[in-house]
Amino acid sequence: MPIDKRVASAAEALEGVSDGAVVLCSGFGGAGFANVLIAALRERGTSNLTLVSNSATHRFSLTHELIEAGLVRRVICSAARGHAPGLSPFEELWKDGRIDLTVLPQGTFAEAIRAGGAGIPAFYTPAGFGTRLAEGKEIRRFGDRDYLLEEAIIGDLALIRADVADRWGNLTFRHAQANFGPAMATAAKLAIAEVRIAQDQPIPPTEVQLSGVFVNRVLTVGG
Amino acid sequence: MPIDKRVASAAEALEGVSDGAVVLCSGFGGAGFANVLIAALRERGTSNLTLVSNSATHRFSLTHELIEAGLVRRVICSAARGHAPGLSPFEELWKDGRIDLTVLPQGTFAEAIRAGGAGIPAFYTPAGFGTRLAEGKEIRRFGDRDYLLEEAIIGDLALIRADVADRWGNLTFRHAQANFGPAMATAAKLAIAEVRIAQDQPIPPTEVQLSGVFVNRVLTVGG
Amino acid sequence: MRPLNRLQMAWRAAQDIEDGMVVNLGIGMPVACGDYIRPGLEVVIQAENGVIGAGPLADQAHADSDLVDAGSRRITLAPGATIIDSTASFAMIRGGHIDATVLGAFEVAANGDLANWDMRIPNKGPLVGGAMDLAACARQVWIIMEFNTRKGAPRLRERCLLPLTAPGCVRRIFTDVAVVHVTPRGFLVTELLPGLTQDELQARADAKLQFAPECRPLTAPAIALPE
Amino acid sequence: MRPLNRLQMAWRAAQDIEDGMVVNLGIGMPVACGDYIRPGLEVVIQAENGVIGAGPLADQAHADSDLVDAGSRRITLAPGATIIDSTASFAMIRGGHIDATVLGAFEVAANGDLANWDMRIPNKGPLVGGAMDLAACARQVWIIMEFNTRKGAPRLRERCLLPLTAPGCVRRIFTDVAVVHVTPRGFLVTELLPGLTQDELQARADAKLQFAPECRPLTAPAIALPE
């Protein structure tokens with residue numbers, strides 16, 4: 001049967017996602033948020049989620065709607081501050097102890113996700129050594145420098161945004177849209193891409209930016 | 001001054017390379033060997049080298065000439081067997097204890113080089129656990145599995161082969177020519193690419209496969 | 001019936017490849033599996049040099065020395081293919097994204113231990129390549145090998161004599177005279193060459209063989225070996 | 001003379017950027033350095049979201065919501081640019097491939113400790129972003145900040161009071177009234193605003209300041225702040 005990872009609806013894309021899922025959401029600097037899928041996840045009401053996203057709340061992302069709807073019990077991110085002057089929905093829940101937070105340096109965050117997809121259970125990094133984020137972490141010296149041990153992040157679900165897909169799930173990204181998306185797709189058991197166009201004919205081999213091997217479902221959302 | 005990493009000759013490309021250098025040479029499966037630069041390195045007579053190459057001797061590579069010329073004191077590779085029935089130049093020297101050998105699983109070899117370029121001093125991998133290659137290595141359990149600690153590889157020099165370069169050192173690779181080249185360029189203090197064409201105009205941003213940030217010198221060799 | 005030849009063994013292994021699988025085929029016999037995948041199936045063949053979606057061998061007119069697989073064979077790309085670098089290729093392998101790898105072997109033990117990289121030939125350099133990563137990390141490891149060595153020694157053993165590639169990794173073994181699954185209770189023969197008895201097969205192994213109640217005859221179409 | 005305004009401080013930092021450097025410019029004041037790189041120099045500006053070779057801001061007609069820097073500003077690409085993903089971008093940063101990063105800060109200590117991520121505002125979520133990777137791993141860390149807080153408290157301190165971003169990383173500090181290098185022997189003032197005495201500057205710091213024998217006047221061209 002021809003490989004064809006395209007699905008007809010957001011509901012179909014999210015079929016089988018369970019409460020308690022670890023959800024990796026791409027997006028950074030205003031580009032690459034899979035907002036159609038995030039909105040569908042909120043409507044679905046899947047709860048008790050661990051949200052792995054560079055920003056807990058970003059003004060271009062709908063992850064804050066998941067948080068506001070009370071569906072998220074834990075956040076792993078590098079930035080948890082709202083843009084608005086008051087407290088963000090995340091900050092309101094966090095100050096009341098109703099949501100757990102793990103903050104990582106952004107490079108560690110990216111590398112931990114990459115490690116999750118690459119079969120590396122843990123790695124050492126210099127980032128964060130000598131800071132509060134090193135608390136409770138193993139410190140080890142290699143050469144003349146100290147490093148922190150960081151463990152891989154593995155997700156049940158990745159929601160990423162791309163530009164063009166083909167039926168094999170190969171993806172291209174527009175400009176800075178890729179950011180955390182490729183790594184997140186590799187690190188999740190179920191990786192779903194929302195794309196502008198999903199085509200029958202293959203993306204030329206040299207233009208593919210993420211192999212369809214890492215992508216399970218593709219949803220066309222236009223845009 | 002405009003950035004321009006193109007050099008006029010192989011001799012100029014290798015300027016400043018010292019005896020005792022750790023040299024990373026790309027190439028695998030018949031593609032991606034920087035044979036012009038390897039030949040120039042042999043002619044230069046730079047000695048006491050550590051050769052980091054997937055194969056100690058590959059029939060499409062000239063690394064065996066470095067070995068035959070007695071310039072190599074240590075090899076780090078995943079494959080050290082000659083293709084011919086008799087003993088290869090490497091095997092002759094190795095059996096006499098005149099060359100040191102470190103063998104790594106190919107994925108560990110690739111990942112160690114990537115780690116060297118990515119500021120990761122060490123990482124854990126499942127490959128090689130329970131085998132002779134685990135001897136003397138730290139074993140550690142994460143979850144329900146055992147892993148080996150592997151340290152990064154950093155080079156003084158990388159000799160890689162690419163297809164097109166621009167004056168910024170951005171590179172494209174033909175088909176399977178990339179293999180270890182991109183990672184090796186990131187992991188070496190001096191990364192030199194030999195290319196078919198080096199052009200004035202920039203390679204279009206979406207076609208660049210290795211950023212020129214990682215490439216120090218570019219030599220046009222045609223082919 | 002005659003034992004399967006090397007291409008017939010590759011054919012038999014290929015019949016177990018399922019629709020949509022991502023498979024890595026080792027150098028030698030395993031790579032021939034690519035020619036025998038069941039009609040109507042679409043499979044992604046990964047070569048560890050970074051070709052994701054390897055197609056058939058290139059004909060003379062299209063052969064390109066840069067478009068090669070891990071065995072330096074000049075190949076084509078299948079529709080939907082792409083090429084990544086070695087680091088990314090092994091990230092894919094180590095990360096468990098390969099559904100099945102088909103490898104050659106010297107020995108397999110009843111606990112799934114695999115020995116396929118070091119025959120202890122004096123003074124020959126070691127050749128690990130990607131075998132340890134594949135054996136340790138592919139979701140399934142399938143082996144194609146003759147049931148016995150040329151000298152008649154058993155390759156299915158209680159414990160491997162040769163240095164291991166990875167412990168406890170092998171799931172299926174496709175041989176010239178039997179198909180054997182490796183289960184938590186040891187070797188389970190699921191297909192046996194017609195004309196060979198269970199006792200005869202057991203006599204050729206160094207470990208206890210169990211035979212599946214539904215053990216079937218091992219058959220393959222006639223495939224001529226190249227000259 | 002009046003203290004430098006924020007754009008003048010960015011201008012002054014930009015004068016230290018050398019030909020061919022790969023630089024990462026933090027959100028806020030640092031990113032303005034890109035506008036003031038000395039004429040005739042070619043510099044690669046890295047944005048940690050993966051843009052390698054960021055150009056000036058896009059005009060309305062060319063602004064693209066997918067072509068942004070780490071601060072969500074709609075930018076252009078410089079000739080020779082490419083875009084990589086976040087994992088690769090931080091591999092570049094952590095691997096020491098950034099010649100200099102220019103960051104904002106709350107405090108810098110005489111030993112080079114940097115505090116620029118946590119002002120301890122109650123209930124506001126932490127914002128680390130890429131600062132720890134950049135501070136720990138760029139070959140040089142340069143800081144742009146006012147010499148004192150709005151309330152007059154010293155930002156150059158014997159020890160940081162606020163949580164650290166990275167220990168011992170800062171090399172140069174570009175402030176509104178002085179340029180200060182961080183040396184193994186502590187703070188060394190290399191430029192001082194005309195009209196300000198060494199004693200006056202020292203009185204505004206919490207750590208011992210040394211003054212370079214060749215300490216020069218800190219000057220910058222007039223640059224108006226946007227409304």
# chains A, B, ... in the order shown; residues from 1 in each chain; ligands from 1
call {"tool": "calpha_fit_and_write", "arguments": {"fixed": "chain C", "moving": "chain D", "output": "PDB file with C-alpha atoms, in the first residue's frame"}}
result
ATOM      1  CA  MET D   1      14.743 -30.542  -1.004  1.00  0.00           C
ATOM      2  CA  ARG D   2      17.959 -28.609  -1.361  1.00  0.00           C
ATOM      3  CA  PRO D   3      18.851 -25.997   1.220  1.00  0.00           C
ATOM      4  CA  LEU D   4      18.053 -22.441   0.211  1.00  0.00           C
ATOM      5  CA  ASN D   5      20.820 -20.602  -1.569  1.00  0.00           C
ATOM      6  CA  ARG D   6      21.917 -17.151  -0.413  1.00  0.00           C
ATOM      7  CA  LEU D   7      19.443 -15.262  -2.574  1.00  0.00           C
ATOM      8  CA  GLN D   8      16.619 -17.569  -1.528  1.00  0.00           C
ATOM      9  CA  MET D   9      17.474 -16.877   2.090  1.00  0.00           C
ATOM     10  CA  ALA D  10      17.285 -13.145   1.347  1.00  0.00           C
ATOM     11  CA  TRP D  11      13.968 -13.768  -0.405  1.00  0.00           C
ATOM     12  CA  ARG D  12      12.619 -15.606   2.632  1.00  0.00           C
ATOM     13  CA  ALA D  13      13.680 -12.834   5.030  1.00  0.00           C
ATOM     14  CA  ALA D  14      12.132 -10.251   2.721  1.00  0.00           C
ATOM     15  CA  GLN D  15       8.737 -11.998   2.985  1.00  0.00           C
ATOM     16  CA  ASP D  16       8.594 -10.961   6.658  1.00  0.00           C
ATOM     17  CA  ILE D  17       9.029  -7.276   5.845  1.00  0.00           C
ATOM     18  CA  GLU D  18       5.697  -5.568   6.371  1.00  0.00           C
ATOM     19  CA  ASP D  19       4.006  -2.678   4.655  1.00  0.00           C
ATOM     20  CA  GLY D  20       5.364   0.732   5.597  1.00  0.00           C
ATOM     21  CA  MET D  21       8.351  -0.551   7.542  1.00  0.00           C
ATOM     22  CA  VAL D  22      11.624   1.339   7.744  1.00  0.00           C
ATOM     23  CA  VAL D  23      14.320  -1.287   7.240  1.00  0.00           C
ATOM     24  CA  ASN D  24      18.091  -1.275   7.229  1.00  0.00           C
ATOM     25  CA  LEU D  25      19.734  -4.011   5.194  1.00  0.00           C
ATOM     26  CA  GLY D  26      23.300  -5.026   6.002  1.00  0.00           C
ATOM     27  CA  ILE D  27      26.081  -5.463   3.488  1.00  0.00           C
ATOM     28  CA  GLY D  28      26.123  -8.831   1.704  1.00  0.00           C
ATOM     29  CA  MET D  29      23.115 -11.145   1.730  1.00  0.00           C
ATOM     30  CA  PRO D  30      20.799  -8.803   3.621  1.00  0.00           C
ATOM     31  CA  VAL D  31      20.958  -6.033   1.049  1.00  0.00           C
ATOM     32  CA  ALA D  32      19.511  -8.464  -1.525  1.00  0.00           C
ATOM     33  CA  CYS D  33      16.250  -8.463   0.501  1.00  0.00           C
ATOM     34  CA  GLY D  34      15.475  -5.167  -1.174  1.00  0.00           C
ATOM     35  CA  ASP D  35      14.848  -7.024  -4.444  1.00  0.00           C
ATOM     36  CA  TYR D  36      12.278  -9.390  -2.928  1.00  0.00           C
ATOM     37  CA  ILE D  37       9.919  -7.246  -0.913  1.00  0.00           C
ATOM     38  CA  ARG D  38       6.352  -8.454  -1.483  1.00  0.00           C
ATOM     39  CA  PRO D  39       4.562  -6.753  -4.394  1.00  0.00           C
ATOM     40  CA  GLY D  40       2.225  -3.927  -3.418  1.00  0.00           C
ATOM     41  CA  LEU D  41       4.149  -3.032  -0.277  1.00  0.00           C
ATOM     42  CA  GLU D  42       5.918   0.286   0.165  1.00  0.00           C
ATOM     43  CA  VAL D  43       8.949   0.084   2.390  1.00  0.00           C
ATOM     44  CA  VAL D  44      11.623   2.652   3.285  1.00  0.00           C
ATOM     45  CA  ILE D  45      15.111   1.212   2.987  1.00  0.00           C
ATOM     46  CA  GLN D  46      17.648   3.032   5.132  1.00  0.00           C
ATOM     47  CA  ALA D  47      21.350   2.799   4.362  1.00  0.00           C
ATOM     48  CA  GLU D  48      23.507   3.868   7.287  1.00  0.00           C
ATOM     49  CA  ASN D  49      25.529   6.273   5.149  1.00  0.00           C
ATOM     50  CA  GLY D  50      22.408   8.434   5.221  1.00  0.00           C
ATOM     51  CA  VAL D  51      20.302   7.339   2.264  1.00  0.00           C
ATOM     52  CA  ILE D  52      16.705   7.223   3.509  1.00  0.00           C
ATOM     53  CA  GLY D  53      14.757   5.499   0.763  1.00  0.00           C
ATOM     54  CA  ALA D  54      17.322   3.518  -1.214  1.00  0.00           C
ATOM     55  CA  GLY D  55      16.080   2.198  -4.546  1.00  0.00           C
ATOM     56  CA  PRO D  56      17.425  -0.569  -6.786  1.00  0.00           C
ATOM     57  CA  LEU D  57      20.983  -0.601  -8.102  1.00  0.00           C
ATOM     58  CA  ALA D  58      21.629   2.007 -10.768  1.00  0.00           C
ATOM     59  CA  ASP D  59      22.143   0.821 -14.330  1.00  0.00           C
ATOM     60  CA  GLN D  60      25.400   1.738 -16.018  1.00  0.00           C
ATOM     61  CA  ALA D  61      23.913   4.848 -17.587  1.00  0.00           C
ATOM     62  CA  HIS D  62      22.719   6.277 -14.265  1.00  0.00           C
ATOM     63  CA  ALA D  63      25.416   5.077 -11.877  1.00  0.00           C
ATOM     64  CA  ASP D  64      26.861   7.939  -9.866  1.00  0.00           C
ATOM     65  CA  SER D  65      29.879   7.513  -7.623  1.00  0.00           C
ATOM     66  CA  ASP D  66      28.336   9.887  -5.067  1.00  0.00           C
ATOM     67  CA  LEU D  67      25.013   8.041  -4.921  1.00  0.00           C
ATOM     68  CA  VAL D  68      26.026   4.942  -3.048  1.00  0.00           C
ATOM     69  CA  ASP D  69      24.900   2.818  -0.136  1.00  0.00           C
ATOM     70  CA  ALA D  70      26.971   1.769   2.863  1.00  0.00           C
ATOM     71  CA  GLY D  71      28.495  -1.019   0.782  1.00  0.00           C
ATOM     72  CA  SER D  72      29.692   1.437  -1.905  1.00  0.00           C
ATOM     73  CA  ARG D  73      27.123   0.050  -4.371  1.00  0.00           C
ATOM     74  CA  ARG D  74      25.854   2.603  -6.847  1.00  0.00           C
ATOM     75  CA  ILE D  75      22.160   2.851  -6.232  1.00  0.00           C
ATOM     76  CA  THR D  76      19.090   4.863  -7.134  1.00  0.00           C
ATOM     77  CA  LEU D  77      16.703   6.714  -4.861  1.00  0.00           C
ATOM     78  CA  ALA D  78      13.149   5.510  -4.291  1.00  0.00           C
ATOM     79  CA  PRO D  79      10.329   8.050  -4.537  1.00  0.00           C
ATOM     80  CA  GLY D  80      10.088   9.980  -1.277  1.00  0.00           C
ATOM     81  CA  ALA D  81      13.780   9.522  -0.515  1.00  0.00           C
ATOM     82  CA  THR D  82      16.162  11.957   1.093  1.00  0.00           C
ATOM     83  CA  ILE D  83      19.798  11.847   2.146  1.00  0.00           C
ATOM     84  CA  ILE D  84      21.076  12.870   5.573  1.00  0.00           C
ATOM     85  CA  ASP D  85      24.557  12.892   7.067  1.00  0.00           C
ATOM     86  CA  SER D  86      26.091  10.105   9.138  1.00  0.00           C
ATOM     87  CA  THR D  87      25.380  11.769  12.461  1.00  0.00           C
ATOM     88  CA  ALA D  88      21.708  12.122  11.600  1.00  0.00           C
ATOM     89  CA  SER D  89      21.602   8.628  10.132  1.00  0.00           C
ATOM     90  CA  PHE D  90      22.877   7.071  13.334  1.00  0.00           C
ATOM     91  CA  ALA D  91      20.656   9.318  15.408  1.00  0.00           C
ATOM     92  CA  MET D  92      17.827   7.694  13.465  1.00  0.00           C
ATOM     93  CA  ILE D  93      19.222   4.212  14.079  1.00  0.00           C
ATOM     94  CA  ARG D  94      20.108   4.691  17.738  1.00  0.00           C
ATOM     95  CA  GLY D  95      16.829   6.480  18.418  1.00  0.00           C
ATOM     96  CA  GLY D  96      14.821   3.369  17.573  1.00  0.00           C
ATOM     97  CA  HIS D  97      13.377   4.657  14.303  1.00  0.00           C
ATOM     98  CA  ILE D  98      14.395   1.571  12.314  1.00  0.00           C
ATOM     99  CA  ASP D  99      11.627  -1.021  12.435  1.00  0.00           C
ATOM    100  CA  ALA D 100      13.890  -3.868  11.430  1.00  0.00           C
ATOM    101  CA  THR D 101      17.490  -4.379  10.484  1.00  0.00           C
ATOM    102  CA  VAL D 102      18.538  -7.456   8.551  1.00  0.00           C
ATOM    103  CA  LEU D 103      22.150  -8.427   9.210  1.00  0.00           C
ATOM    104  CA  GLY D 104      24.546 -11.246   8.520  1.00  0.00           C
ATOM    105  CA  ALA D 105      26.029 -13.165  11.439  1.00  0.00           C
ATOM    106  CA  PHE D 106      28.626 -15.698  12.490  1.00  0.00           C
ATOM    107  CA  GLU D 107      26.726 -16.914  15.556  1.00  0.00           C
ATOM    108  CA  VAL D 108      23.499 -16.291  17.428  1.00  0.00           C
ATOM    109  CA  ALA D 109      22.882 -17.493  20.979  1.00  0.00           C
ATOM    110  CA  ALA D 110      19.646 -18.817  22.445  1.00  0.00           C
ATOM    111  CA  ASN D 111      19.330 -15.620  24.504  1.00  0.00           C
ATOM    112  CA  GLY D 112      19.520 -13.493  21.364  1.00  0.00           C
ATOM    113  CA  ASP D 113      23.203 -12.573  21.658  1.00  0.00           C
ATOM    114  CA  LEU D 114      24.675 -11.709  18.286  1.00  0.00           C
ATOM    115  CA  ALA D 115      28.248 -12.190  17.069  1.00  0.00           C
ATOM    116  CA  ASN D 116      28.833 -10.786  13.625  1.00  0.00           C
ATOM    117  CA  TRP D 117      31.881  -8.538  13.647  1.00  0.00           C
ATOM    118  CA  ASP D 118      34.995 -10.354  14.768  1.00  0.00           C
ATOM    119  CA  MET D 119      36.015 -13.779  13.431  1.00  0.00           C
ATOM    120  CA  ARG D 120      39.359 -13.500  15.189  1.00  0.00           C
ATOM    121  CA  ILE D 121      41.441 -13.664  12.029  1.00  0.00           C
ATOM    122  CA  PRO D 122      45.008 -12.971  13.155  1.00  0.00           C
ATOM    123  CA  ASN D 123      46.306  -9.491  12.300  1.00  0.00           C
ATOM    124  CA  LYS D 124      43.222  -8.475  10.335  1.00  0.00           C
ATOM    125  CA  GLY D 125      41.978  -5.145  11.625  1.00  0.00           C
ATOM    126  CA  PRO D 126      38.636  -5.048  13.415  1.00  0.00           C
ATOM    127  CA  LEU D 127      35.569  -4.087  11.403  1.00  0.00           C
ATOM    128  CA  VAL D 128      32.682  -2.915  13.535  1.00  0.00           C
ATOM    129  CA  GLY D 129      31.047  -0.382  11.231  1.00  0.00           C
ATOM    130  CA  GLY D 130      27.427   0.265  12.089  1.00  0.00           C
ATOM    131  CA  ALA D 131      26.632  -3.235  13.276  1.00  0.00           C
ATOM    132  CA  MET D 132      26.713  -2.518  17.015  1.00  0.00           C
ATOM    133  CA  ASP D 133      24.426   0.505  16.713  1.00  0.00           C
ATOM    134  CA  LEU D 134      22.003  -1.389  14.487  1.00  0.00           C
ATOM    135  CA  ALA D 135      22.004  -4.525  16.627  1.00  0.00           C
ATOM    136  CA  ALA D 136      21.543  -2.598  19.866  1.00  0.00           C
ATOM    137  CA  CYS D 137      18.970  -0.104  18.651  1.00  0.00           C
ATOM    138  CA  ALA D 138      16.793  -1.330  15.770  1.00  0.00           C
ATOM    139  CA  ARG D 139      13.334  -2.363  16.965  1.00  0.00           C
ATOM    140  CA  GLN D 140      13.877  -5.807  15.496  1.00  0.00           C
ATOM    141  CA  VAL D 141      17.077  -7.539  14.517  1.00  0.00           C
ATOM    142  CA  TRP D 142      16.766 -10.242  11.892  1.00  0.00           C
ATOM    143  CA  ILE D 143      19.662 -12.418  10.823  1.00  0.00           C
ATOM    144  CA  ILE D 144      20.389 -14.136   7.537  1.00  0.00           C
ATOM    145  CA  MET D 145      23.052 -16.830   7.779  1.00  0.00           C
ATOM    146  CA  GLU D 146      23.657 -20.468   6.964  1.00  0.00           C
ATOM    147  CA  PHE D 147      22.557 -22.787   9.758  1.00  0.00           C
ATOM    148  CA  ASN D 148      26.106 -24.130   9.989  1.00  0.00           C
ATOM    149  CA  THR D 149      29.573 -22.953   9.044  1.00  0.00           C
ATOM    150  CA  ARG D 150      31.265 -24.353   5.954  1.00  0.00           C
ATOM    151  CA  LYS D 151      33.039 -26.805   8.223  1.00  0.00           C
ATOM    152  CA  GLY D 152      29.714 -27.863   9.713  1.00  0.00           C
ATOM    153  CA  ALA D 153      30.016 -26.112  13.067  1.00  0.00           C
ATOM    154  CA  PRO D 154      26.783 -24.843  14.605  1.00  0.00           C
ATOM    155  CA  ARG D 155      26.017 -21.135  14.342  1.00  0.00           C
ATOM    156  CA  LEU D 156      23.010 -21.392  16.682  1.00  0.00           C
ATOM    157  CA  ARG D 157      24.606 -21.818  20.073  1.00  0.00           C
ATOM    158  CA  GLU D 158      23.807 -21.895  23.754  1.00  0.00           C
ATOM    159  CA  ARG D 159      26.379 -19.080  24.132  1.00  0.00           C
ATOM    160  CA  CYS D 160      28.339 -17.303  21.416  1.00  0.00           C
ATOM    161  CA  LEU D 161      32.014 -18.244  21.174  1.00  0.00           C
ATOM    162  CA  LEU D 162      32.956 -15.183  19.129  1.00  0.00           C
ATOM    163  CA  PRO D 163      32.956 -11.615  20.498  1.00  0.00           C
ATOM    164  CA  LEU D 164      29.471 -10.132  20.750  1.00  0.00           C
ATOM    165  CA  THR D 165      28.036  -7.375  18.610  1.00  0.00           C
ATOM    166  CA  ALA D 166      25.181  -6.819  21.041  1.00  0.00           C
ATOM    167  CA  PRO D 167      23.595  -8.906  23.778  1.00  0.00           C
ATOM    168  CA  GLY D 168      20.062 -10.248  23.554  1.00  0.00           C
ATOM    169  CA  CYS D 169      19.042  -8.464  20.385  1.00  0.00           C
ATOM    170  CA  VAL D 170      18.135 -11.054  17.744  1.00  0.00           C
ATOM    171  CA  ARG D 171      14.465 -11.838  17.091  1.00  0.00           C
ATOM    172  CA  ARG D 172      14.462 -13.919  13.881  1.00  0.00           C
ATOM    173  CA  ILE D 173      17.023 -16.016  12.020  1.00  0.00           C
ATOM    174  CA  PHE D 174      16.592 -16.919   8.378  1.00  0.00           C
ATOM    175  CA  THR D 175      18.869 -19.814   7.437  1.00  0.00           C
ATOM    176  CA  ASP D 176      19.276 -22.179   4.512  1.00  0.00           C
ATOM    177  CA  VAL D 177      17.370 -24.959   6.271  1.00  0.00           C
ATOM    178  CA  ALA D 178      15.098 -23.317   8.834  1.00  0.00           C
ATOM    179  CA  VAL D 179      13.511 -20.132  10.076  1.00  0.00           C
ATOM    180  CA  VAL D 180      14.101 -19.695  13.801  1.00  0.00           C
ATOM    181  CA  HIS D 181      12.593 -17.153  16.171  1.00  0.00           C
ATOM    182  CA  VAL D 182      14.423 -16.160  19.326  1.00  0.00           C
ATOM    183  CA  THR D 183      11.947 -16.176  22.203  1.00  0.00           C
ATOM    184  CA  PRO D 184      12.277 -15.612  25.942  1.00  0.00           C
ATOM    185  CA  ARG D 185      12.402 -19.433  26.137  1.00  0.00           C
ATOM    186  CA  GLY D 186      15.127 -19.778  23.504  1.00  0.00           C
ATOM    187  CA  PHE D 187      15.164 -20.877  19.880  1.00  0.00           C
ATOM    188  CA  LEU D 188      11.805 -21.682  18.302  1.00  0.00           C
ATOM    189  CA  VAL D 189      11.854 -23.226  14.824  1.00  0.00           C
ATOM    190  CA  THR D 190       8.902 -21.976  12.791  1.00  0.00           C
ATOM    191  CA  GLU D 191       9.883 -23.315   9.354  1.00  0.00           C
ATOM    192  CA  LEU D 192      11.911 -26.377   8.452  1.00  0.00           C
ATOM    193  CA  LEU D 193      13.291 -27.512   5.116  1.00  0.00           C
ATOM    194  CA  PRO D 194      11.184 -30.402   3.745  1.00  0.00           C
ATOM    195  CA  GLY D 195      13.140 -33.630   3.979  1.00  0.00           C
ATOM    196  CA  LEU D 196      14.976 -32.592   7.125  1.00  0.00           C
ATOM    197  CA  THR D 197      13.731 -34.003  10.418  1.00  0.00           C
ATOM    198  CA  GLN D 198      13.528 -32.114  13.686  1.00  0.00           C
ATOM    199  CA  ASP D 199      16.151 -34.456  15.136  1.00  0.00           C
ATOM    200  CA  GLU D 200      18.480 -33.814  12.223  1.00  0.00           C
ATOM    201  CA  LEU D 201      18.165 -30.072  12.670  1.00  0.00           C
ATOM    202  CA  GLN D 202      18.678 -30.364  16.417  1.00  0.00           C
ATOM    203  CA  ALA D 203      21.853 -32.347  15.787  1.00  0.00           C
ATOM    204  CA  ARG D 204      23.238 -29.462  13.776  1.00  0.00           C
ATOM    205  CA  ALA D 205      22.670 -26.893  16.567  1.00  0.00           C
ATOM    206  CA  ASP D 206      24.595 -26.267  19.777  1.00  0.00           C
ATOM    207  CA  ALA D 207      21.489 -25.202  21.694  1.00  0.00           C
ATOM    208  CA  LYS D 208      18.125 -26.727  22.464  1.00  0.00           C
ATOM    209  CA  LEU D 209      15.678 -26.100  19.616  1.00  0.00           C
ATOM    210  CA  GLN D 210      11.957 -25.958  20.192  1.00  0.00           C
ATOM    211  CA  PHE D 211       9.597 -26.512  17.315  1.00  0.00           C
ATOM    212  CA  ALA D 212       6.445 -24.472  16.876  1.00  0.00           C
ATOM    213  CA  PRO D 213       3.268 -26.591  16.793  1.00  0.00           C
ATOM    214  CA  GLU D 214       2.445 -24.785  13.550  1.00  0.00           C
ATOM    215  CA  CYS D 215       5.971 -25.321  12.162  1.00  0.00           C
ATOM    216  CA  ARG D 216       5.709 -25.071   8.382  1.00  0.00           C
ATOM    217  CA  PRO D 217       7.837 -26.229   5.493  1.00  0.00           C
ATOM    218  CA  LEU D 218      10.550 -23.742   4.470  1.00  0.00           C
ATOM    219  CA  THR D 219      10.172 -23.018   0.780  1.00  0.00           C
ATOM    220  CA  ALA D 220      11.382 -20.411  -1.672  1.00  0.00           C
ATOM    221  CA  PRO D 221      11.053 -19.899  -5.396  1.00  0.00           C
ATOM    222  CA  ALA D 222      13.968 -20.885  -7.611  1.00  0.00           C
ATOM    223  CA  ILE D 223      16.469 -18.014  -7.732  1.00  0.00           C
ATOM    224  CA  ALA D 224      19.738 -18.508  -9.559  1.00  0.00           C
ATOM    225  CA  LEU D 225      22.895 -17.151  -7.955  1.00  0.00           C
ATOM    226  CA  PRO D 226      24.897 -14.840 -10.186  1.00  0.00           C
ATOM    227  CA  GLU D 227      27.950 -16.456 -11.774  1.00  0.00           C
TER     228      GLU D 227
END
call {"tool": "residues_around", "arguments": {"residues": "Arg59 (chain A)", "least_positions_apart": "6", "cutoff": "10 Å", "atoms": "only C-alpha atoms", "output": "list of chain:residue names"}}
result
A:Gly29, A:Gly30, A:Gly82, A:His83, A:Ala84
call {"tool": "select_by_dssp", "arguments": {"residues": "region 94-124 of chain C", "states": "strand (DSSP E or B)", "output": "number ranges by chain"}}
result
C: 100-104, 107-109, 114-115
call {"tool": "interface_residues", "arguments": {"of": "chain B", "to": "chain C", "cutoff": "7 Å", "atoms": "only C-alpha atoms", "output": "number ranges by chain"}}
result
B: 28-31, 78-81, 87, 91, 95, 105-107, 110-111, 114, 126-132, 174-180
call {"tool": "interface_residues", "arguments": {"of": "chain A", "to": "chain B", "cutoff": "10 Å", "atoms": "only C-alpha atoms", "output": "PyMOL selection string"}}
result
chain A and resi 111+115+118-127+141-143+145-147+149-151+172-175+205-207+209
call {"tool": "select_by_dssp", "arguments": {"residues": "region 97-208 of chain B", "states": "alpha helix (DSSP H)", "output": "ChimeraX atom specification"}}
result
/B:106-118,181-187
call {"tool": "residues_around", "arguments": {"residues": "Ile203 (chain B)", "least_positions_apart": "3", "cutoff": "8 Å", "atoms": "only C-alpha atoms", "output": "PyMOL selection string"}}
result
(chain B and resi 165-166+170-171+207-208) or (chain D and resi 80)
call {"tool": "atom_distance", "arguments": {"atom1": "CA of Trp168 (chain B)", "atom2": "CA of Gln201 (chain B)"}}
result
9.3 Å
call {"tool": "residues_around", "arguments": {"residues": "Ile154 (chain A)", "least_positions_apart": "3", "cutoff": "7 Å", "atoms": "only C-alpha atoms", "output": "short mmCIF file (atom, residue, chain, number, x, y, z; two decimals) with N, CA, C and O atoms, in the first residue's frame"}}
result
data_model
loop_
_atom_site.label_atom_id
_atom_site.label_comp_id
_atom_site.auth_asym_id
_atom_site.auth_seq_id
_atom_site.Cartn_x
_atom_site.Cartn_y
_atom_site.Cartn_z
N ILE A 113 15.94 17.23 23.83
CA ILE A 113 14.93 16.71 22.91
C ILE A 113 15.62 15.95 21.78
O ILE A 113 15.21 14.85 21.41
N GLY A 116 16.64 12.69 23.05
CA GLY A 116 15.50 11.79 23.16
C GLY A 116 15.22 11.08 21.85
O GLY A 116 14.88 9.89 21.82
N ALA A 187 11.67 12.93 18.70
CA ALA A 187 11.65 12.54 20.12
C ALA A 187 10.28 12.10 20.60
O ALA A 187 10.13 11.78 21.78
N ALA A 188 9.28 12.07 19.72
CA ALA A 188 7.93 11.73 20.16
C ALA A 188 7.47 10.42 19.53
O ALA A 188 7.81 10.11 18.39
#
